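**Q** Here you go, my_file.cif (mmCIF, C-alpha atoms):
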```cif
data_start
loop_
_atom_site.label_atom_id
_atom_site.label_comp_id
_atom_site.auth_asym_id
_atom_site.auth_seq_id
_atom_site.Cartn_x
_atom_site.Cartn_y
_atom_site.Cartn_z
CA MET A 7 -23.03 41.26 0.89
CA ASN A 8 -23.01 39.74 -2.59
CA PHE A 9 -20.66 41.17 -5.18
CA SER A 10 -21.60 40.18 -8.72
CA TYR A 11 -22.10 41.65 -12.14
CA ASN A 12 -25.82 40.95 -11.56
CA ASN A 13 -25.87 43.13 -8.45
CA PRO A 14 -26.39 46.78 -9.45
CA SER A 15 -25.30 48.11 -6.05
CA SER A 16 -22.01 46.18 -6.08
CA PRO A 17 -21.27 45.34 -9.71
CA LEU A 18 -18.26 43.31 -10.81
CA SER A 19 -17.13 42.80 -14.37
CA ALA A 20 -16.75 39.04 -13.75
CA THR A 21 -17.63 36.38 -11.21
CA ASN A 22 -14.67 34.14 -12.08
CA ILE A 23 -12.31 35.50 -9.42
CA HIS A 24 -8.76 34.09 -9.13
CA GLY A 25 -6.94 36.51 -6.82
CA LEU A 26 -7.75 38.83 -3.89
CA TYR A 27 -5.47 41.20 -2.00
CA ALA A 28 -6.70 43.55 0.73
CA GLU A 29 -4.55 46.56 1.62
CA GLY A 30 -5.90 49.41 3.67
CA SER A 31 -9.32 50.28 2.38
CA LYS A 32 -8.67 48.78 -1.03
CA LEU A 33 -9.35 45.28 -2.29
CA TRP A 34 -7.49 44.24 -5.42
CA ILE A 35 -9.45 41.69 -7.44
CA GLY A 36 -7.89 39.48 -10.12
CA THR A 37 -10.34 38.09 -12.65
CA TYR A 38 -10.35 35.59 -15.48
CA ASN A 39 -9.92 37.57 -18.72
CA LYS A 40 -11.52 40.71 -17.28
CA GLY A 41 -8.39 42.35 -15.87
CA ILE A 42 -7.96 43.94 -12.43
CA GLU A 43 -10.65 45.64 -10.38
CA VAL A 44 -9.96 47.75 -7.30
CA MET A 45 -12.78 47.96 -4.77
CA ASP A 46 -13.24 50.49 -2.01
CA ILE A 47 -14.00 48.18 0.89
CA PRO A 48 -16.09 50.56 3.03
CA SER A 49 -18.42 51.49 0.19
CA GLY A 50 -18.21 48.28 -1.80
CA LYS A 51 -17.74 50.29 -5.00
CA ILE A 52 -15.29 49.55 -7.81
CA VAL A 53 -13.04 52.59 -7.98
CA GLU A 54 -10.56 51.43 -10.62
CA ARG A 55 -10.32 48.93 -13.48
CA TYR A 56 -7.18 47.88 -15.34
CA THR A 57 -7.22 45.87 -18.53
CA VAL A 58 -4.86 45.31 -21.44
CA LYS A 59 -6.73 47.93 -23.40
CA SER A 60 -6.95 50.56 -20.65
CA THR A 61 -3.22 50.25 -19.84
CA GLN A 62 -2.22 50.41 -23.49
CA ASN A 63 -0.81 46.88 -23.36
CA ASN A 64 1.38 47.53 -20.30
CA LEU A 65 -0.72 44.83 -18.69
CA PRO A 66 0.08 41.88 -20.99
CA THR A 67 -3.05 39.86 -20.23
CA ASP A 68 -6.45 40.22 -18.59
CA PHE A 69 -6.09 36.89 -16.76
CA ILE A 70 -4.94 37.91 -13.25
CA LEU A 71 -4.23 35.27 -10.61
CA CYS A 72 -2.46 36.73 -7.56
CA PHE A 73 -0.99 39.82 -5.86
CA TYR A 74 1.95 40.29 -3.48
CA ARG A 75 3.70 43.21 -1.77
CA THR A 76 7.38 42.63 -1.00
CA THR A 77 9.38 43.99 1.93
CA ASN A 78 10.92 46.48 -0.53
CA ASP A 79 7.39 47.78 -1.17
CA ASN A 80 7.26 46.36 -4.69
CA PHE A 81 3.69 45.47 -5.69
CA LEU A 82 3.85 42.34 -7.85
CA ILE A 83 0.99 40.82 -9.82
CA GLY A 84 0.88 37.25 -11.09
CA THR A 85 -0.74 36.86 -14.48
CA SER A 86 -1.12 34.16 -17.13
CA ASP A 87 1.95 35.68 -18.80
CA GLY A 88 4.44 36.16 -16.00
CA VAL A 89 4.87 38.70 -13.20
CA ILE A 90 3.95 42.36 -13.58
CA GLU A 91 5.07 45.15 -11.24
CA PHE A 92 2.71 48.03 -10.52
CA ASP A 93 4.16 51.49 -9.92
CA GLU A 94 1.56 53.21 -7.75
CA THR A 95 3.24 56.60 -8.07
CA GLU A 96 2.99 56.64 -11.86
CA ASN A 97 -0.02 54.29 -11.98
CA ARG A 98 1.90 52.20 -14.48
CA PHE A 99 2.49 48.46 -15.10
CA SER A 100 5.78 46.93 -16.24
CA ARG A 101 7.16 43.43 -16.60
CA TRP A 102 9.14 42.08 -13.63
CA GLN A 103 11.91 39.65 -14.60
CA ASN A 104 11.93 37.42 -17.65
CA ILE A 105 9.13 35.02 -16.71
CA HIS A 106 6.53 34.12 -19.33
CA SER A 107 4.24 31.54 -17.79
CA LEU A 108 1.03 31.34 -15.81
CA VAL A 109 1.83 32.38 -12.22
CA ARG A 110 -0.06 30.71 -9.39
CA GLN A 111 1.72 32.30 -6.41
CA ILE A 112 4.32 34.91 -5.45
CA TYR A 113 5.97 34.66 -2.03
CA GLU A 114 8.91 36.30 -0.26
CA ASP A 115 10.61 34.14 2.36
CA ARG A 116 12.25 35.31 5.58
CA LYS A 117 15.64 35.52 3.86
CA GLY A 118 14.33 37.97 1.27
CA ASN A 119 14.12 35.51 -1.63
CA ILE A 120 11.09 35.95 -3.87
CA TRP A 121 9.57 32.70 -5.08
CA VAL A 122 7.40 32.58 -8.18
CA VAL A 123 5.30 29.45 -8.70
CA THR A 124 4.24 28.77 -12.29
CA ILE A 125 2.81 25.95 -14.36
CA HIS A 126 6.14 25.63 -16.19
CA GLY A 127 8.69 25.66 -13.41
CA LEU A 128 9.71 27.45 -10.22
CA TYR A 129 11.71 30.69 -9.92
CA ARG A 130 13.68 32.20 -7.04
CA TYR A 131 14.82 35.82 -7.14
CA ASN A 132 17.66 36.82 -4.80
CA ASN A 133 17.19 40.44 -3.75
CA GLN A 134 20.82 40.80 -2.69
CA THR A 135 22.44 39.48 -5.86
CA GLU A 136 19.49 40.41 -8.10
CA GLN A 137 19.77 36.99 -9.75
CA LEU A 138 16.85 34.89 -10.93
CA THR A 139 17.25 31.11 -10.57
CA SER A 140 14.90 28.66 -12.27
CA TYR A 141 14.07 25.10 -11.16
CA PHE A 142 12.54 22.40 -13.30
CA ALA A 143 11.56 18.77 -12.77
CA GLU A 144 13.99 16.18 -14.09
CA PRO A 145 12.25 12.94 -15.15
CA GLU A 146 15.48 10.93 -14.74
CA ASN A 147 16.02 12.33 -11.21
CA GLN A 148 13.37 10.98 -8.87
CA GLN A 149 14.73 13.04 -5.96
CA ASN A 150 13.88 16.35 -7.62
CA LEU A 151 10.64 18.25 -8.11
CA GLY A 152 7.70 16.01 -8.86
CA SER A 153 6.42 18.10 -11.75
CA ASN A 154 7.00 21.40 -13.57
CA ASN A 155 3.37 22.22 -12.90
CA MET A 156 3.72 23.84 -9.47
CA THR A 157 0.76 24.84 -7.33
CA SER A 158 2.19 26.65 -4.28
CA VAL A 159 5.22 27.49 -2.14
CA PHE A 160 5.10 27.38 1.67
CA GLU A 161 7.60 28.41 4.36
CA ASP A 162 7.05 26.64 7.67
CA SER A 163 7.90 27.76 11.19
CA ALA A 164 11.35 26.14 10.85
CA ASP A 165 12.14 28.30 7.77
CA ARG A 166 11.92 25.32 5.44
CA ILE A 167 10.57 25.84 1.94
CA TRP A 168 8.02 23.31 0.64
CA ILE A 169 6.69 23.11 -2.90
CA THR A 170 3.39 21.49 -3.86
CA THR A 171 2.93 20.24 -7.40
CA ILE A 172 0.42 18.17 -9.34
CA ASN A 173 2.69 15.22 -8.61
CA GLY A 174 3.51 15.36 -4.93
CA LEU A 175 5.48 17.38 -2.42
CA SER A 176 9.11 18.59 -2.49
CA LEU A 177 11.40 20.12 0.15
CA TYR A 178 14.02 22.75 -0.69
CA ASN A 179 17.60 22.15 0.45
CA ALA A 180 19.27 25.56 0.74
CA THR A 181 22.71 24.01 1.31
CA ASP A 182 23.11 22.69 -2.22
CA ASP A 183 20.24 24.65 -3.81
CA SER A 184 18.27 21.51 -4.69
CA PHE A 185 14.97 19.81 -3.95
CA GLU A 186 14.13 16.52 -2.30
CA ARG A 187 10.96 14.81 -3.29
CA ILE A 188 8.99 13.53 -0.32
CA TYR A 189 8.07 9.95 -1.17
CA PRO A 190 6.43 8.29 1.86
CA LEU A 191 3.00 9.53 0.79
CA GLU A 192 1.38 6.15 0.22
CA ASN A 193 -1.65 7.23 2.24
CA PHE A 194 -2.33 10.21 0.00
CA GLN A 195 -5.44 9.62 -2.08
CA SER A 196 -4.18 12.07 -4.70
CA ASN A 197 -0.75 13.42 -5.69
CA ILE A 198 -2.32 16.67 -6.89
CA LEU A 199 -1.61 18.99 -3.97
CA TYR A 200 -2.74 22.61 -3.79
CA ARG A 201 -1.99 24.58 -0.63
CA ILE A 202 -0.36 24.13 2.81
CA LEU A 203 -1.26 25.67 6.17
CA GLU A 204 0.55 24.98 9.47
CA ASP A 205 -1.22 24.61 12.81
CA GLU A 206 -0.01 25.28 16.35
CA LYS A 207 1.35 21.73 16.70
CA LYS A 208 3.57 22.22 13.61
CA ASN A 209 1.43 19.85 11.54
CA PHE A 210 0.67 20.70 7.92
CA TRP A 211 -2.80 20.75 6.46
CA ILE A 212 -2.58 20.14 2.72
CA SER A 213 -5.49 20.54 0.34
CA SER A 214 -5.56 18.10 -2.57
CA ALA A 215 -7.71 16.91 -5.44
CA ASN A 216 -9.12 14.17 -3.20
CA GLY A 217 -9.26 15.04 0.45
CA LEU A 218 -7.62 17.17 3.12
CA ILE A 219 -4.31 15.82 4.43
CA GLN A 220 -2.93 16.28 7.94
CA PHE A 221 0.81 15.81 7.46
CA ASN A 222 3.63 15.58 9.99
CA PRO A 223 6.73 17.14 8.36
CA GLU A 224 9.09 15.41 10.77
CA ASP A 225 8.19 11.73 10.30
CA PHE A 226 6.09 12.11 7.13
CA THR A 227 3.05 10.40 8.67
CA SER A 228 -0.34 11.54 7.50
CA GLN A 229 -4.06 11.26 8.02
CA ILE A 230 -6.66 11.80 5.31
CA TYR A 231 -9.96 13.61 5.82
CA SER A 232 -12.65 13.05 3.22
CA TYR A 233 -16.39 12.60 2.97
CA THR A 234 -16.35 9.87 5.60
CA GLU A 235 -14.87 12.34 8.11
CA GLY A 236 -17.57 14.91 7.41
CA LEU A 237 -16.16 17.04 4.57
CA HIS A 238 -18.89 18.45 2.39
CA GLU A 239 -16.47 18.33 -0.56
CA ALA A 240 -13.19 16.43 -0.99
CA GLN A 241 -11.95 18.14 -4.16
CA PHE A 242 -10.19 21.37 -3.29
CA ASN A 243 -9.19 24.24 -5.53
CA TYR A 244 -6.02 26.01 -6.65
CA SER A 245 -4.64 28.99 -4.71
CA SER A 246 -7.40 28.95 -2.14
CA SER A 247 -6.33 28.87 1.51
CA TYR A 248 -6.15 31.29 4.44
CA LYS A 249 -5.21 31.16 8.12
CA SER A 250 -6.86 33.80 10.27
CA PRO A 251 -5.09 35.50 13.21
CA ALA A 252 -7.33 33.46 15.53
CA GLY A 253 -5.99 30.23 14.02
CA GLU A 254 -9.03 29.38 11.92
CA PHE A 255 -8.27 27.68 8.60
CA PHE A 256 -10.12 28.33 5.35
CA PHE A 257 -9.81 26.18 2.22
CA GLY A 258 -11.65 26.67 -1.02
CA THR A 259 -13.27 23.69 -2.73
CA ILE A 260 -15.10 23.26 -6.00
CA ASN A 261 -18.29 23.38 -3.95
CA GLY A 262 -17.93 26.19 -1.45
CA LEU A 263 -15.62 27.11 1.42
CA LEU A 264 -14.37 24.84 4.21
CA SER A 265 -13.42 26.34 7.59
CA PHE A 266 -12.18 24.74 10.81
CA THR A 267 -9.86 25.35 13.76
CA PRO A 268 -7.33 22.51 14.26
CA SER A 269 -6.75 23.38 17.92
CA ARG A 270 -10.38 22.58 18.61
CA PHE A 271 -10.10 19.10 17.20
CA GLU A 272 -10.62 16.44 19.84
CA THR A 273 -9.00 13.06 19.41
CA ASP A 274 -11.51 10.26 19.67
CA THR A 275 -10.51 8.04 22.62
CA PHE A 276 -13.49 5.74 22.33
CA ILE A 277 -12.65 2.07 21.70
CA PRO A 278 -15.35 0.75 19.37
CA PRO A 279 -16.46 -2.81 20.08
CA LEU A 280 -15.99 -5.20 17.16
CA TYR A 281 -18.52 -7.79 16.07
CA ILE A 282 -18.22 -10.52 13.49
CA HIS A 283 -21.49 -10.97 11.69
CA PRO A 284 -23.08 -14.22 10.43
CA VAL A 285 -20.85 -16.15 8.10
CA SER A 286 -22.07 -15.96 4.53
CA ILE A 287 -21.49 -19.12 2.51
CA PRO A 288 -22.52 -19.75 -1.13
CA ASN A 289 -25.95 -21.21 -1.76
CA ASP A 290 -27.43 -19.02 1.01
CA TYR A 291 -25.99 -21.19 3.76
CA TYR A 292 -25.35 -19.38 7.05
CA ILE A 293 -23.62 -20.39 10.26
CA THR A 294 -23.68 -18.33 13.45
CA GLY A 295 -22.25 -18.76 16.91
CA GLU A 296 -18.96 -18.37 18.69
CA SER A 297 -17.24 -20.75 16.28
CA ILE A 298 -17.91 -22.33 12.94
CA ARG A 299 -17.30 -25.79 11.60
CA LEU A 300 -17.41 -26.39 7.88
CA PRO A 301 -16.97 -29.54 5.84
CA TYR A 302 -14.19 -29.64 3.31
CA GLY A 303 -15.37 -29.00 -0.24
CA GLN A 304 -17.58 -26.29 -1.70
CA HIS A 305 -18.19 -24.67 1.71
CA THR A 306 -14.51 -23.83 2.23
CA THR A 307 -15.11 -20.64 0.21
CA PHE A 308 -16.96 -18.24 2.49
CA THR A 309 -17.24 -14.58 3.48
CA LEU A 310 -16.94 -13.02 6.91
CA SER A 311 -18.41 -9.60 7.61
CA TYR A 312 -17.66 -7.44 10.63
CA SER A 313 -18.22 -3.95 11.98
CA ALA A 314 -16.98 -1.67 14.74
CA ILE A 315 -19.80 0.08 16.53
CA SER A 316 -19.14 3.83 16.68
CA PHE A 317 -21.43 6.78 16.20
CA THR A 318 -18.58 9.21 15.45
CA ALA A 319 -17.75 8.98 11.74
CA PRO A 320 -18.17 5.18 11.55
CA ARG A 321 -17.18 5.18 7.87
CA ALA A 322 -13.75 6.53 8.85
CA ILE A 323 -12.89 3.37 10.78
CA GLN A 324 -10.21 1.17 9.22
CA TYR A 325 -9.78 -2.55 9.67
CA ALA A 326 -7.05 -5.20 9.65
CA TYR A 327 -7.40 -8.96 9.86
CA LYS A 328 -5.27 -12.05 10.36
CA LEU A 329 -6.18 -15.69 9.84
CA GLU A 330 -4.03 -17.68 12.23
CA GLY A 331 -2.92 -20.84 10.52
CA VAL A 332 -2.38 -18.99 7.24
CA ASP A 333 -1.21 -15.41 7.88
CA LYS A 334 1.83 -14.36 9.88
CA GLU A 335 1.16 -10.62 9.69
CA TRP A 336 -1.92 -8.41 9.85
CA THR A 337 -3.50 -7.56 6.51
CA MET A 338 -4.71 -3.96 6.20
CA ILE A 339 -8.05 -3.71 4.40
CA ASP A 340 -8.74 0.00 4.95
CA LYS A 341 -12.49 0.55 5.34
CA LYS A 342 -13.72 -2.67 3.74
CA ARG A 343 -16.11 -4.53 6.01
CA GLU A 344 -15.88 -8.05 4.68
CA VAL A 345 -13.28 -10.58 3.66
CA THR A 346 -13.56 -13.78 1.65
CA PHE A 347 -11.53 -16.95 2.10
CA ALA A 348 -11.31 -19.63 -0.57
CA ASN A 349 -10.11 -23.24 -0.69
CA LEU A 350 -8.86 -23.53 2.86
CA SER A 351 -7.19 -26.82 3.66
CA PRO A 352 -8.66 -28.98 6.43
CA GLY A 353 -7.52 -27.80 9.82
CA ARG A 354 -8.15 -25.38 12.68
CA TYR A 355 -7.93 -21.59 12.14
CA VAL A 356 -8.65 -18.47 14.16
CA PHE A 357 -9.96 -15.38 12.37
CA LYS A 358 -8.89 -12.15 14.10
CA ILE A 359 -10.09 -8.63 13.27
CA LYS A 360 -9.10 -5.27 14.77
CA SER A 361 -9.92 -1.66 13.92
CA THR A 362 -9.14 1.99 14.47
CA ASN A 363 -11.49 4.46 16.04
CA SER A 364 -12.91 7.40 14.10
CA SER A 365 -9.63 9.32 14.63
CA GLY A 366 -7.63 6.64 12.85
CA ILE A 367 -5.94 5.34 16.03
CA TRP A 368 -5.53 1.56 16.13
CA GLN A 369 -7.26 -0.04 19.09
CA ASP A 370 -6.74 -3.23 21.07
CA ASN A 371 -10.28 -4.42 20.30
CA ILE A 372 -9.49 -7.71 18.63
CA ALA A 373 -12.47 -9.96 17.93
CA THR A 374 -11.84 -13.63 17.18
CA LEU A 375 -13.74 -16.45 15.52
CA PRO A 376 -12.44 -20.06 15.61
CA ILE A 377 -12.89 -21.85 12.29
CA THR A 378 -12.63 -25.59 11.76
CA ILE A 379 -12.53 -27.11 8.30
CA THR A 380 -13.30 -30.80 8.73
CA PRO A 381 -11.41 -33.18 6.46
CA PRO A 382 -13.15 -35.30 3.77
CA PHE A 383 -14.11 -38.87 4.64
CA TRP A 384 -10.90 -40.17 3.13
CA ALA A 385 -8.87 -37.94 5.47
CA THR A 386 -10.68 -38.63 8.76
CA PRO A 387 -9.00 -40.43 11.70
CA TRP A 388 -11.13 -43.53 11.01
CA ALA A 389 -9.93 -43.45 7.42
CA TYR A 390 -6.33 -43.24 8.57
CA LEU A 391 -6.96 -46.13 10.99
CA PHE A 392 -8.34 -48.15 8.09
CA TYR A 393 -5.30 -47.22 6.01
CA ILE A 394 -2.99 -48.37 8.83
CA CYS A 395 -4.85 -51.64 9.24
CA PHE A 396 -4.96 -52.22 5.51
CA ILE A 397 -1.26 -51.54 5.18
CA GLY A 398 -0.59 -53.81 8.17
CA VAL A 399 -2.58 -56.63 6.60
CA CYS A 400 -0.81 -56.12 3.30
CA ILE A 401 2.56 -56.24 5.04
CA TYR A 402 1.52 -59.39 6.91
CA LEU A 403 0.33 -61.09 3.73
CA ILE A 404 3.47 -60.11 1.89
CA TYR A 405 5.52 -61.41 4.80
CA GLN A 406 3.68 -64.71 4.80
CA TYR A 407 4.05 -64.99 1.05
CA LYS A 408 7.78 -64.30 1.24
CA LYS A 409 8.13 -66.72 4.14
CA ARG A 410 6.38 -69.57 2.30
CA LYS A 411 8.43 -68.86 -0.77
CA LEU A 412 11.66 -68.97 1.23
CA GLU A 413 10.59 -72.18 2.99
CA LYS A 414 9.79 -73.83 -0.34
CA ARG A 415 13.14 -72.79 -1.75
CA HIS A 416 14.85 -74.11 1.37
CA ARG A 417 13.06 -77.48 1.03
CA GLN A 418 14.02 -77.69 -2.62
CA ARG A 419 17.64 -77.00 -1.82
CA ARG A 420 17.60 -79.56 1.01
CA GLU A 421 16.07 -82.21 -1.25
CA ILE A 422 18.70 -81.53 -3.91
CA PHE A 423 21.38 -81.74 -1.25
CA GLU A 424 20.05 -85.04 0.08
CA ILE A 425 19.82 -86.52 -3.43
CA LYS A 426 23.36 -85.42 -4.11
CA LYS A 427 24.56 -86.96 -0.86
CA GLU A 428 22.74 -90.25 -1.59
CA LYS A 429 24.31 -90.38 -5.03
CA GLU A 430 27.74 -89.72 -3.55
CA LEU A 431 27.16 -92.48 -1.02
CA TYR A 432 26.03 -94.87 -3.73
CA ASP A 433 29.05 -94.06 -5.85
CA ALA A 434 31.30 -94.59 -2.83
CA LYS A 435 29.74 -98.05 -2.19
CA ILE A 436 30.11 -99.08 -5.81
CA GLN A 437 33.69 -97.97 -5.79
CA PHE A 438 34.31 -99.86 -2.55
CA PHE A 439 32.78 -103.09 -3.81
CA THR A 440 34.68 -102.78 -7.05
CA TYR A 441 37.92 -102.40 -5.13
CA ILE A 442 37.14 -105.41 -2.90
CA THR A 443 36.27 -107.53 -5.88
CA HIS A 444 39.50 -106.63 -7.56
CA GLU A 445 41.46 -107.42 -4.44
CA ILE A 446 39.81 -110.86 -4.06
CA ARG A 447 40.23 -111.70 -7.73
CA THR A 448 43.95 -111.09 -7.76
CA PRO A 449 44.92 -113.93 -5.30
CA LEU A 450 42.58 -116.39 -6.96
CA THR A 451 44.29 -115.75 -10.22
CA LEU A 452 47.64 -116.48 -8.62
CA ILE A 453 46.32 -119.80 -7.18
CA LYS A 454 44.62 -120.78 -10.44
CA ALA A 455 47.74 -120.62 -12.53
CA PRO A 456 49.81 -123.19 -10.60
CA LEU A 457 46.84 -125.51 -10.26
CA GLU A 458 46.36 -125.48 -13.96
CA LYS A 459 49.98 -126.55 -14.41
CA ILE A 460 49.65 -129.34 -11.88
CA ILE A 461 46.51 -130.58 -13.43
#
```
Spit out the file's structure as structure tokens when you get a sec.
**A**
Amino acid sequence: MNFSYNNPSSPLSATNIHGLYAEGSKLWIGTYNKGIEVMDIPSGKIVERYTVKSTQNNLPTDFILCFYRTTNDNFLIGTSDGVIEFDETENRFSRWQNIHSLVRQIYEDRKGNIWVVTIHGLYRYNNQTEQLTSYFAEPENQQNLGSNNMTSVFEDSADRIWITTINGLSLYNATDDSFERIYPLENFQSNILYRILEDEKKNFWISSANGLIQFNPEDFTSQIYSYTEGLHEAQFNYSSSYKSPAGEFFFGTINGLLSFTPSRFETDTFIPPLYIHPVSIPNDYYITGESIRLPYGQHTTFTLSYSAISFTAPRAIQYAYKLEGVDKEWTMIDKKREVTFANLSPGRYVFKIKSTNSSGIWQDNIATLPITITPPFWATPWAYLFYICFIGVCIYLIYQYKKRKLEKRHRQRREIFEIKKEKELYDAKIQFFTYITHEIRTPLTLIKAPLEKII
């Protein structure tokens, strides 16, 4: 059945609906700027309307977002101007607590605390002490709430309180009455989180502004579901989630309603085979085969493409590669199906690629492609042999040159030595003959003198 202001049999004052609450045979409907409408479910007729005007301003605004009945039988209504309590006995509205902000959700936890989620902070009302505590994000404290703009509060099966905001997820610590911001959310495609539901395996399902997140609250691991996994719409909406008694989940999007049952999900165990496609090189040059051999130069910049063959959500498959000879670790490239290498040095490499299956589980399906970058002519073995020979010849020539130079110097020194020795010998002879002459002359002089006297 269609309920609309265009349907005469089931007229509504507005089609912009923000809150629904079914109780007995009545359905309370919160509208955008049209107040509250109460429908009789069996007949589909609107039996009561409440607006600011009809309640004589006891209802402070006609923008109604949510409804909640507490364990004390208080009927609370979240509006764009705080929380209003409805007295069904007197059919009268009155303000509940001093909250003046747009309310997205009202929730009472198992300890009796009433949580009020607003766009300007979070409030907790203690029924026992009747005290209202407010919580706000602190920009200088990164371990607090991610933002003052809250979107929902959720109590899990372990009695833990979780808060979603437009800037991530926070966990309440009841011991010191504080919040811890959950940071390991690098896989989240958006920090704008809306609602949380918990499945039978204690996993969270979190709607966001870009995809549905399966989140493990124990180790903080996550998996993202988006268009590639079959979602008709990846942008979800505020305050729009429901878990049926049968375990079926419902999430509202900006383009209709999404429903699924997590327990019926089957993990894909198929190992997709991986293939490396023809190697694309600039100038439309292609090489195929079990290995490639490229000359050093312009062809050392090339692109490898690859794909894992799977007929179950093939676009959900993620890839990682490693180029042995360059990389020590695997490089995650998400869902990209090609990789480009530039300016590789001459040498031998092995390109390795692996993937997940459609369930995001990494597989041992590594495909390899040996790559050889041949050196330029001046770096080939023959070139090195030439260099060795050339250097050897140069060393030999230098050796011969040095040897001849040393021999020449040795000859010159020997000649100088011989000349010096000859001169010394000559001087010794002259000295000897001079001495002999002097010795002979002395006795002659002695003989000559007496002879001269005799004569």
**Q** Residues near stretch 373-381 of chain A, anyone? I mean within 9 Å using all atoms listed in the file, not counting same-chain ones fewer than 5 positions away, as a PyMOL selection string.
**A** chain A and resi 279-282+295-303+306+350-360+386
**Q** For each of A:Ser313, A:Ser86, A:Ser31, A:Asn216, take the minimum atom-to-atom distance to A:Ser232, counting only C-alpha atoms, then give the residue where this is smallest.
**A**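 Once distances to A:Ser232 are computed over only C-alpha atoms, the minimum belongs to A:Asn216.
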**Q** How far is it from atom CA of A:Tyr312 to atom CA of A:His283, in Å with one decimal?
**A**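 So the answer is 5.3 Å.
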**Q** Using Å and a single decimal, report how far atom CA of A:Lys59 sits from atom CA of A:Asn22.
**A**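 Computing the Euclidean distance for atom CA of A:Asn22 and atom CA of A:Lys59 yields 19.5 Å.
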**Q** Quote the spacing between atom CA of A:Thr76 and atom CA of A:Asn119 in Å to one decimal place.
**A**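 Going from atom CA of A:Thr76 over to atom CA of A:Asn119, I get 9.8 Å.
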**Q** Can you translate the PyMOL selection byres ((chain A and resi 273) around 12) into the concrete residues it hits in this file, as an NGL selection string?
**A** :A and (268-272 or 274-277 or 318 or 363-367)
**Q** Mind checking which residues fall within 12 Å of stretch 237-242 of chain A, counting all atoms listed in the file, ignoring those fewer than 2 positions away in the same chain, and posting them as a PyMOL selection string?
**A** chain A and resi 195-196+198-202+212-219+230-235+244-247+256-266+319+322
**Q** Given the file shown, determine the residues that the PyMOL selection byres ((chain A and resi 127) around 8) selects; report them as JSON, numbers by chain.
**A** {"A": [123, 124, 125, 126, 128, 129, 140, 141, 142, 143, 154, 155, 156]}
**Q** Taking into account all atoms listed in the file, which residue in the set A:Asn209, A:Asn349, A:Thr362, A:Gln111 is nearest to A:Cys72?
**A**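 Distance minimum relative to A:Cys72 lands on A:Gln111.
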**Q** For the file shown, what are the residues hit by the PyMOL selection byres ((chain A and resi 99) around 10), laid out as an NGL selection string?
**A** :A and (56 or 61-66 or 81-83 or 90-94 or 96-98 or 100-102)
**Q** Nearest to A:Ser316 among A:Gly30, A:Pro278, A:Gly331, A:Glu144, with distances taken over all atoms listed in the file: which residue is it?
**A**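 Counting all atoms listed in the file, the residue closest to A:Ser316 is A:Pro278.
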**Q** Using only C-alpha atoms and a cutoff of 6 Å, can you tell me which residues are near (2.3, 33.8, -11.4) in the file's coordinates, and write them out as a list in words?
**A**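 Those residues, ordered by chain and then number, are Gly84, Thr85, Gly88, Val89, Leu108, Val109, Arg110, Gln111, Val123 and Thr124 of chain A.
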**Q** Determine, counting only C-alpha atoms, which protein, DNA and RNA residues have an atom within 7 Å of an atom of A:Ile70; residues of the same chain fewer than 6 positions away are not included. Present the result as a count of residues only.
**A** 10
